[in-house]
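query-v7.tsv follows (TSV, C-alpha atoms):
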```tsv
chain	number	residue	atom	x	y	z
A	1187	MET	CA	105.91	21.79	37.08
A	1188	SER	CA	103.11	21.21	34.57
A	1189	ALA	CA	100.16	23.50	33.97
A	1190	TYR	CA	97.96	20.94	35.76
A	1191	ASP	CA	100.21	21.03	38.84
A	1192	CYS	CA	100.07	24.83	39.07
A	1193	PRO	CA	96.48	26.14	38.85
A	1194	LEU	CA	97.65	29.72	38.18
A	1195	ALA	CA	99.65	28.70	35.09
A	1196	SER	CA	98.34	29.71	31.68
A	1197	GLY	CA	96.20	26.91	30.27
A	1198	ALA	CA	95.91	25.04	33.58
A	1199	ARG	CA	92.81	22.83	33.52
A	1200	LEU	CA	90.28	22.17	36.22
A	1201	PRO	CA	90.45	18.71	37.88
A	1202	ASP	CA	87.56	16.36	37.14
A	1203	GLU	CA	87.00	15.78	40.86
A	1204	LEU	CA	87.09	18.65	43.32
A	1205	PRO	CA	87.59	18.00	47.06
A	1206	GLY	CA	84.61	18.67	49.27
A	1207	GLY	CA	84.56	20.24	52.70
A	1208	PRO	CA	85.64	23.67	53.91
A	1209	LEU	CA	88.46	25.50	52.20
A	1210	ARG	CA	91.51	26.06	54.37
A	1211	LEU	CA	94.64	28.16	53.95
A	1212	THR	CA	97.05	27.36	56.77
A	1213	PRO	CA	99.55	30.20	57.25
A	1214	ALA	CA	103.29	29.64	57.31
A	1215	LEU	CA	104.23	30.81	60.81
A	1216	HIS	CA	107.61	31.46	62.35
A	1217	PRO	CA	107.99	29.60	65.69
A	1218	LEU	CA	107.97	32.94	67.55
A	1219	ALA	CA	104.60	33.86	66.05
A	1220	SER	CA	103.23	30.36	66.60
A	1221	ASP	CA	104.25	30.34	70.27
A	1222	PHE	CA	102.75	33.80	70.75
A	1223	LEU	CA	99.38	32.74	69.33
A	1224	LYS	CA	99.26	29.66	71.59
A	1225	ASP	CA	99.20	31.95	74.62
A	1226	THR	CA	95.59	32.98	74.03
A	1227	ARG	CA	95.25	34.69	77.40
A	1228	ARG	CA	98.08	37.10	76.58
A	1229	VAL	CA	96.71	37.67	73.06
A	1230	PHE	CA	93.31	38.73	74.42
A	1231	GLU	CA	94.88	40.84	77.16
A	1232	LEU	CA	96.86	42.76	74.53
A	1233	ALA	CA	93.79	43.19	72.34
A	1234	ASP	CA	91.79	44.43	75.34
A	1235	GLY	CA	94.57	46.83	76.32
A	1236	PHE	CA	95.51	48.25	72.92
A	1237	GLY	CA	92.32	47.70	70.92
A	1238	SER	CA	91.68	45.86	67.69
A	1239	PRO	CA	92.95	45.38	65.04
A	1240	LEU	CA	96.24	44.74	66.84
A	1241	ASN	CA	99.50	44.43	64.91
A	1242	VAL	CA	102.25	42.42	66.60
A	1243	VAL	CA	105.76	42.38	65.13
A	1244	PHE	CA	108.81	40.28	65.95
A	1245	PRO	CA	111.84	42.43	65.08
A	1246	GLN	CA	114.34	39.66	65.76
A	1247	ILE	CA	113.01	37.74	62.74
A	1248	VAL	CA	114.42	40.50	60.49
A	1249	THR	CA	117.92	39.83	61.84
A	1250	GLU	CA	117.40	36.11	61.23
A	1251	ASN	CA	116.24	36.68	57.63
A	1252	VAL	CA	119.19	38.93	56.82
A	1253	ALA	CA	121.55	36.33	58.29
A	1254	HIS	CA	120.04	33.63	56.04
A	1255	PHE	CA	120.65	35.71	52.91
A	1256	SER	CA	124.15	36.69	54.06
A	1257	ARG	CA	125.03	33.06	54.62
A	1258	ILE	CA	124.53	32.41	50.90
A	1259	PHE	CA	127.33	34.86	50.08
A	1260	ARG	CA	129.66	33.13	52.53
A	1261	ASP	CA	128.77	29.65	51.28
A	1262	MET	CA	129.43	30.70	47.66
A	1263	GLY	CA	132.68	32.52	48.49
A	1264	LEU	CA	131.28	35.88	47.34
A	1265	GLN	CA	131.59	39.36	48.76
A	1266	GLY	CA	128.19	40.97	49.10
A	1267	ARG	CA	125.75	42.97	51.16
A	1268	VAL	CA	122.10	42.32	51.89
A	1269	TYR	CA	119.85	45.41	51.90
A	1270	MET	CA	116.45	45.18	53.54
A	1271	SER	CA	113.70	47.43	52.21
A	1272	ALA	CA	112.30	50.31	54.24
A	1273	LYS	CA	109.08	50.42	52.22
A	1274	PRO	CA	107.34	47.39	53.81
A	1275	ASN	CA	109.16	47.72	57.14
A	1276	LYS	CA	107.70	50.89	58.66
A	1277	SER	CA	107.71	49.63	62.25
A	1278	GLU	CA	110.06	51.62	64.46
A	1279	ALA	CA	110.91	48.43	66.36
A	1280	ILE	CA	111.97	46.64	63.17
A	1281	LEU	CA	114.07	49.57	61.96
A	1282	ARG	CA	115.80	50.00	65.33
A	1283	GLN	CA	116.54	46.27	65.49
A	1284	ALA	CA	118.07	46.31	62.00
A	1285	ALA	CA	120.04	49.48	62.65
A	1286	ALA	CA	121.44	48.12	65.92
A	1287	GLY	CA	122.45	44.92	64.12
A	1288	GLY	CA	124.48	46.84	61.54
A	1289	ASP	CA	122.19	45.89	58.65
A	1290	TYR	CA	121.91	47.78	55.35
A	1291	ILE	CA	118.66	49.30	54.06
A	1292	ASP	CA	117.08	50.60	50.84
A	1293	VAL	CA	114.85	53.67	50.90
A	1294	SER	CA	112.69	54.99	48.06
A	1295	SER	CA	111.63	58.47	49.22
A	1296	ALA	CA	112.86	61.46	51.19
A	1297	ARG	CA	110.46	60.60	54.01
A	1298	GLN	CA	111.79	57.05	54.26
A	1299	LEU	CA	115.36	58.33	54.24
A	1300	ALA	CA	114.66	60.69	57.13
A	1301	HIS	CA	112.83	57.88	58.95
A	1302	VAL	CA	115.69	55.35	58.79
A	1303	VAL	CA	118.30	57.96	59.76
A	1304	ALA	CA	116.19	58.80	62.81
A	1305	ALA	CA	115.98	55.06	63.61
A	1306	GLY	CA	119.78	54.86	63.83
A	1307	PHE	CA	121.00	53.81	60.37
A	1308	ARG	CA	124.38	55.30	59.51
A	1309	PRO	CA	124.59	56.89	56.01
A	1310	GLU	CA	127.10	54.33	54.70
A	1311	ARG	CA	124.48	51.62	55.33
A	1312	ILE	CA	121.73	53.31	53.28
A	1313	SER	CA	121.01	53.27	49.55
A	1314	ALA	CA	118.52	55.64	47.94
A	1315	THR	CA	116.47	53.99	45.18
A	1316	GLY	CA	113.39	54.79	43.15
A	1317	PRO	CA	112.48	57.93	41.15
A	1318	LYS	CA	113.88	61.02	42.89
A	1319	ASN	CA	112.75	64.63	43.00
A	1320	ILE	CA	115.02	67.51	44.05
A	1321	GLU	CA	114.00	67.23	47.71
A	1322	TYR	CA	114.91	63.52	47.79
A	1323	LEU	CA	118.20	63.99	45.92
A	1324	SER	CA	119.19	66.95	48.09
A	1325	LEU	CA	118.61	64.99	51.31
A	1326	ALA	CA	120.50	61.98	49.92
A	1327	LEU	CA	123.43	64.26	49.10
A	1328	ARG	CA	123.43	65.87	52.53
A	1329	GLN	CA	123.38	62.45	54.19
A	1330	GLN	CA	126.05	61.13	51.75
A	1331	VAL	CA	124.20	57.87	51.09
A	1332	LEU	CA	124.61	55.61	48.07
A	1333	ILE	CA	122.36	56.91	45.27
A	1334	ILE	CA	120.95	54.52	42.66
A	1335	ILE	CA	120.44	56.66	39.54
A	1336	ASP	CA	117.23	55.77	37.66
A	1337	SER	CA	117.46	57.99	34.57
A	1338	LEU	CA	119.67	60.33	32.58
A	1339	ALA	CA	117.58	63.28	33.79
A	1340	GLU	CA	118.17	62.21	37.39
A	1341	LEU	CA	121.93	62.09	36.80
A	1342	GLU	CA	121.82	65.58	35.29
A	1343	THR	CA	119.84	66.92	38.28
A	1344	LEU	CA	122.30	65.34	40.72
A	1345	GLU	CA	125.21	66.82	38.78
A	1346	SER	CA	123.62	70.28	39.00
A	1347	LEU	CA	123.00	69.92	42.75
A	1348	LEU	CA	126.59	68.85	43.34
A	1349	LYS	CA	127.94	71.88	41.47
A	1350	SER	CA	125.88	74.24	43.63
A	1351	SER	CA	126.58	72.47	46.93
A	1352	ARG	CA	129.38	73.31	49.33
A	1353	THR	CA	130.52	69.74	49.86
A	1354	SER	CA	133.81	68.59	48.41
A	1355	GLU	CA	132.93	64.92	48.87
A	1356	PRO	CA	132.02	63.02	45.67
A	1357	SER	CA	128.59	61.40	45.55
A	1358	THR	CA	128.64	57.59	45.54
A	1359	VAL	CA	126.37	56.36	42.75
A	1360	MET	CA	125.25	53.31	40.82
A	1361	LEU	CA	123.34	53.28	37.51
A	1362	ARG	CA	120.15	51.27	37.42
A	1363	LEU	CA	119.56	49.62	34.05
A	1364	ALA	CA	116.08	49.13	32.63
A	1365	ASP	CA	115.31	45.63	31.45
A	1366	ALA	CA	113.62	45.21	28.08
A	1367	GLY	CA	110.20	45.22	29.72
A	1368	GLU	CA	110.98	48.32	31.79
A	1369	ALA	CA	112.45	50.57	29.10
A	1370	ALA	CA	109.26	52.61	28.71
A	1371	THR	CA	108.86	53.27	32.45
A	1372	ALA	CA	110.52	55.68	34.87
A	1373	LEU	CA	112.36	52.80	36.50
A	1374	GLY	CA	115.82	52.31	35.06
A	1375	ILE	CA	118.05	53.89	32.43
A	1376	ARG	CA	117.16	53.09	28.83
A	1377	PRO	CA	119.85	51.21	26.88
A	1378	GLU	CA	120.40	54.13	24.48
A	1379	ASP	CA	121.09	56.46	27.43
A	1380	VAL	CA	123.78	54.29	29.07
A	1381	PRO	CA	126.70	55.55	26.90
A	1382	VAL	CA	125.68	59.16	27.62
A	1383	CYS	CA	125.60	58.46	31.36
A	1384	LEU	CA	129.03	56.83	31.21
A	1385	ASP	CA	130.43	59.86	29.38
A	1386	ARG	CA	129.05	62.13	32.12
A	1387	LEU	CA	130.56	59.95	34.84
A	1388	VAL	CA	133.94	59.98	33.10
A	1389	ALA	CA	133.81	63.76	32.78
A	1390	GLY	CA	132.79	64.09	36.43
A	1391	LYS	CA	135.26	61.69	38.07
A	1392	ASP	CA	135.88	64.24	40.83
A	1393	THR	CA	132.15	64.73	41.34
A	1394	PHE	CA	130.94	61.14	41.30
A	1395	ARG	CA	132.25	57.96	42.89
A	1396	PHE	CA	130.79	55.40	40.49
A	1397	ILE	CA	130.76	51.86	41.93
A	1398	GLY	CA	128.68	49.87	39.45
A	1399	PHE	CA	125.34	48.96	37.93
A	1400	ALA	CA	122.02	47.90	39.41
A	1401	TRP	CA	118.73	46.43	38.34
A	1402	HIS	CA	115.51	45.87	40.25
A	1403	ALA	CA	112.53	43.58	39.84
A	1404	SER	CA	110.29	41.61	42.15
A	1405	GLY	CA	108.94	38.10	41.79
A	1406	ILE	CA	110.35	37.42	38.32
A	1407	PRO	CA	111.59	34.04	37.04
A	1408	ASP	CA	115.19	33.06	37.69
A	1409	ALA	CA	115.96	33.16	33.96
A	1410	ALA	CA	114.98	36.84	33.85
A	1411	ARG	CA	117.20	37.57	36.85
A	1412	LEU	CA	120.14	35.90	35.13
A	1413	ARG	CA	119.53	37.91	31.96
A	1414	ALA	CA	119.46	41.14	33.97
A	1415	ILE	CA	122.69	40.27	35.77
A	1416	GLY	CA	124.25	39.55	32.37
A	1417	HIS	CA	123.25	43.02	31.15
A	1418	CYS	CA	124.91	44.53	34.22
A	1419	LEU	CA	128.11	42.61	33.57
A	1420	GLU	CA	128.17	43.72	29.92
A	1421	ALA	CA	127.68	47.32	31.04
A	1422	THR	CA	130.46	46.86	33.61
A	1423	LYS	CA	132.90	45.88	30.86
A	1424	ALA	CA	131.85	48.96	28.86
A	1425	ALA	CA	132.41	51.17	31.91
A	1426	ILE	CA	135.89	49.73	32.47
A	1427	ALA	CA	136.69	50.36	28.82
A	1428	CYS	CA	135.75	54.02	29.41
A	1429	GLY	CA	138.24	54.30	32.24
A	1430	LEU	CA	135.80	53.92	35.13
A	1431	ARG	CA	136.37	51.48	38.00
A	1432	PRO	CA	133.07	49.76	38.92
A	1433	THR	CA	133.37	47.23	41.74
A	1434	ALA	CA	129.83	45.95	42.33
A	1435	VAL	CA	126.58	44.75	40.78
A	1436	ASN	CA	123.31	45.30	42.64
A	1437	ILE	CA	121.04	42.34	41.81
A	1438	GLY	CA	118.10	44.15	43.47
A	1439	GLY	CA	114.45	43.51	43.91
A	1440	GLY	CA	112.28	41.56	46.29
A	1441	PHE	CA	112.36	37.81	46.58
A	1442	ARG	CA	109.22	35.71	46.81
A	1443	MET	CA	107.67	35.25	50.24
A	1444	ASN	CA	105.90	32.07	51.24
A	1445	PHE	CA	102.71	32.98	53.13
A	1446	LEU	CA	101.20	29.48	53.28
A	1447	ALA	CA	102.26	26.19	54.83
A	1448	ASP	CA	100.69	23.79	52.33
A	1449	ARG	CA	100.91	24.00	48.52
A	1450	GLY	CA	98.06	21.50	48.17
A	1451	GLU	CA	95.69	23.71	50.15
A	1452	TRP	CA	96.52	26.64	47.89
A	1453	HIS	CA	95.91	24.63	44.72
A	1454	THR	CA	92.58	23.39	46.11
A	1455	TYR	CA	91.58	26.97	46.92
A	1456	VAL	CA	92.44	28.28	43.43
A	1457	ASN	CA	90.64	25.37	41.76
A	1458	ALA	CA	87.57	26.13	43.89
A	1459	ILE	CA	87.62	29.74	42.64
A	1460	LYS	CA	87.85	28.51	39.04
A	1461	ALA	CA	85.04	25.99	39.64
A	1462	SER	CA	82.91	28.79	41.06
A	1463	ALA	CA	83.45	30.79	37.86
A	1464	VAL	CA	81.94	27.99	35.75
A	1465	GLY	CA	79.12	27.17	38.16
A	1466	ARG	CA	80.59	23.97	39.62
A	1467	GLY	CA	80.55	25.08	43.23
A	1468	PRO	CA	79.45	27.81	45.64
A	1469	ILE	CA	79.99	31.42	44.63
A	1470	LEU	CA	83.25	32.56	46.27
A	1471	GLY	CA	83.53	36.10	44.89
A	1472	TRP	CA	81.52	39.03	46.20
A	1473	ASN	CA	79.21	40.79	43.75
A	1474	GLY	CA	79.96	38.33	40.94
A	1475	ASN	CA	83.75	38.77	41.06
A	1476	THR	CA	85.45	35.72	39.54
A	1477	PHE	CA	89.05	36.98	40.09
A	1478	GLY	CA	90.02	37.02	36.41
A	1479	PHE	CA	88.52	33.66	35.42
A	1480	ARG	CA	85.50	33.37	33.14
A	1481	ASN	CA	83.10	30.74	31.86
A	1482	GLU	CA	83.25	30.03	28.11
A	1483	SER	CA	80.76	27.25	27.34
A	1484	GLY	CA	81.66	25.44	30.55
A	1485	VAL	CA	85.42	25.87	30.09
A	1486	VAL	CA	87.54	28.02	32.42
A	1487	ARG	CA	89.30	30.83	30.56
A	1488	GLY	CA	91.26	33.88	31.66
A	1489	SER	CA	93.99	34.31	34.25
A	1490	ALA	CA	94.06	35.10	37.95
A	1491	THR	CA	93.99	38.73	39.08
A	1492	PHE	CA	95.78	37.72	42.29
A	1493	ARG	CA	99.32	36.50	43.00
A	1494	ASP	CA	100.54	33.09	44.06
A	1495	HIS	CA	100.41	33.35	47.85
A	1496	TYR	CA	102.13	30.03	48.40
A	1497	GLU	CA	105.26	31.27	46.59
```

In C-alpha cells, write the structure found in this file.
Amino acid sequence: MSAYDCPLASGARLPDELPGGPLRLTPALHPLASDFLKDTRRVFELADGFGSPLNVVFPQIVTENVAHFSRIFRDMGLQGRVYMSAKPNKSEAILRQAAAGGDYIDVSSARQLAHVVAAGFRPERISATGPKNIEYLSLALRQQVLIIIDSLAELETLESLLKSSRTSEPSTVMLRLADAGEAATALGIRPEDVPVCLDRLVAGKDTFRFIGFAWHASGIPDAARLRAIGHCLEATKAAIACGLRPTAVNIGGGFRMNFLADRGEWHTYVNAIKASAVGRGPILGWNGNTFGFRNESGVVRGSATFRDHYE
C-alpha cells in the first residue's frame, strides 16, 4: 500500500479533490449486534429501564472469536492455546461465558486474577502477565497459575517467596523477553539479563517449572512479530543448551481490531481532518486541535495522534 493509499502513513499527501457531503464512519457490526439494533422498541425499553448510557454485551461472540483463532492452529498443524485478555473484558457475563467454555485467560494484576478466579476460571487456564508486586506474585503462587516473568528482579522476588512458602509444588514460569525497543522499559527481560535468569532457573530446577519464552506487543507490523519470535527461538536453543526443557513460545500481544466497515470512509475522514488543518475545509477539531497535523505554507506536515480505526 502506498503512502497515498494510506492517509496515516508518513509522507502521505492530500488528494487534489476532496469529496463533499457529510462525513460518515459506518461501524463494523457483528450480526448479533446488528439484529439487536434493528429492534428499536427493545433498545428504547432497555434504555428506559436501565438508564443511559447503556452498555450491551454479547458474550457468545467471545467464544466465536477464540474459536476463529484456535482454528488457525488446527489448520497449520500446530499445538497451541489462545489466551483472551482480562484487561478489556471486565464484564462478568463475558468472563463467565469464557470460563464455562474452557477458554484460557491472561491477567495483569492481583485484582484481575481474583476477578477471573471468582468468575470460574481454573488456575491451569490462567497466566499472570505484566509487572508484578509482592501481592500479585503471592496470589499467583497461591493459585498456582502460569507466571510470565518480566524482569530479573521479579524472578528473584518469586524465588524468595517460594523459599518462604509452604508449598512443595514448583511454580510454572515463562521468561518474557524485551524487544530492542522495549529494553529500557519495565516490560520484558533485557538481553544481558537472560543468561543470569537461565542460570537461576537451572539452579532452581526443583523450584521452577520453566516451560519457555514469551514476548508481548500490540499492533506491530508482522515483520516485527517474526523478529520477536526468532529471538524467542534463539533463547530456547540457549535454554536447552543449559539443560532446561522449554516446550512453548508465547507469541503474545493484542491483534488489530477492525472497528469500521469501509476503508474508503476512513480515508475520507482522515483526509478531511488533514484538509481542516490547512484551511481547506470546515474546522473538525475542538479548540483548534488538528490531531497531530499542521499547516506549513499550505502543506500538511506532522503525523496523526490517533490510531488507525479501520485496522

What's the 10 Å shell around Ser1313 of chain A, counting all atoms listed in the file, without same-chain residues fewer than 4 positions away, as a VMD selection string? chain A and resid 1269 1271 1290 to 1294 1299 1309 1326 1330 to 1334 1358 to 1360

Would you compute, for all listed atoms of segment 1322-1338 of chain A, the axis-aligned bounding box grown by 5 Å on each side, and then report its centre and edge lengths in Å rounded to one decimal, as JSON?
```
{"center_x": 120.5, "center_y": 60.7, "center_z": 43.4, "size_x": 21.1, "size_y": 22.4, "size_z": 31.6}
```

Residue with the minimum atom-to-atom distance to Leu1264 of chain A, picked from A:Ala1461, A:Ala1214, A:Val1435, A:Val1486 with all atoms listed in the file counted, is A:Val1435

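Excluding Thr1422 of chain A itself and same-chain residues fewer than 5 positions from it, the residues having an atom within 12 Å of it are Met1360, Leu1361, Arg1362, Leu1363, Val1380, Pro1381, Leu1384, Phe1396, Ile1397, Gly1398, Phe1399, Ala1400, Ile1415, Gly1416, His1417, Ala1427, Cys1428, Gly1429, Leu1430, Arg1431, Pro1432, Thr1433, Ala1434, Val1435 and Asn1436 of chain A, counting all atoms listed in the file.
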
d(atom CA of Leu1218 of chain A, atom CA of Ala1447 of chain A) in Å: 15.5 Å

Any idea what's packed within 10 Å of Ala1219 of chain A, counting only C-alpha atoms, ignoring anything in its chain fewer than 5 positions away? Could you give it as a tab-separated table (two decimals) with C-alpha atoms, in the coordinates of the input?
```tsv
chain	number	residue	atom	x	y	z
A	1214	ALA	CA	103.29	29.64	57.31
A	1224	LYS	CA	99.26	29.66	71.59
A	1242	VAL	CA	102.25	42.42	66.60
A	1243	VAL	CA	105.76	42.38	65.13
A	1244	PHE	CA	108.81	40.28	65.95
A	1247	ILE	CA	113.01	37.74	62.74
```

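Minimum atom-to-atom distance to Leu1281 of chain A, evaluated using all atoms listed in the file, belongs to A:Thr1249 out of A:Ser1256, A:Thr1249, A:Gly1235, A:Gly1263.
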
Find the spatial neighbours of Lys1318 of chain A, counting only C-alpha atoms, within a cut-off of 12 Å - ignore same-chain residues fewer than 4 positions away - and output them as a list in words. Val1293, Ser1294, Ser1295, Ala1296, Arg1297, Leu1299, Ala1314, Tyr1322, Leu1323, Ser1324, Leu1325, Ala1326, Leu1327, Ile1333, Ile1334, Ile1335, Asp1336, Ser1337, Leu1338, Ala1339, Glu1340, Leu1341, Glu1342, Thr1343, Leu1344, Ala1372, Leu1373 and Gly1374 of chain A

Atom CA of Lys1273 of chain A and atom CA of Glu1321 of chain A, how far apart in Å? 18.1 Å

Rounded to one decimal in Å, what is the spacing between atom CA of Arg1449 of chain A and atom CA of Pro1213 of chain A?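 That distance, rounded to one decimal, is 10.8 Å.
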
Minimum-distance residue to Arg1386 of chain A, chosen among A:Asp1408, A:Glu1497, A:Glu1420, A:Glu1345 (using all atoms listed in the file):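 Distance minimum relative to Arg1386 of chain A lands on A:Glu1345.
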
Looking at A:Gly1266, A:Gly1484, A:Gly1316, A:Gly1438, which one is nearest to Cys1418 of chain A, with distances taken over all atoms listed in the file?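 Result for the nearest residue to Cys1418 of chain A: A:Gly1438.
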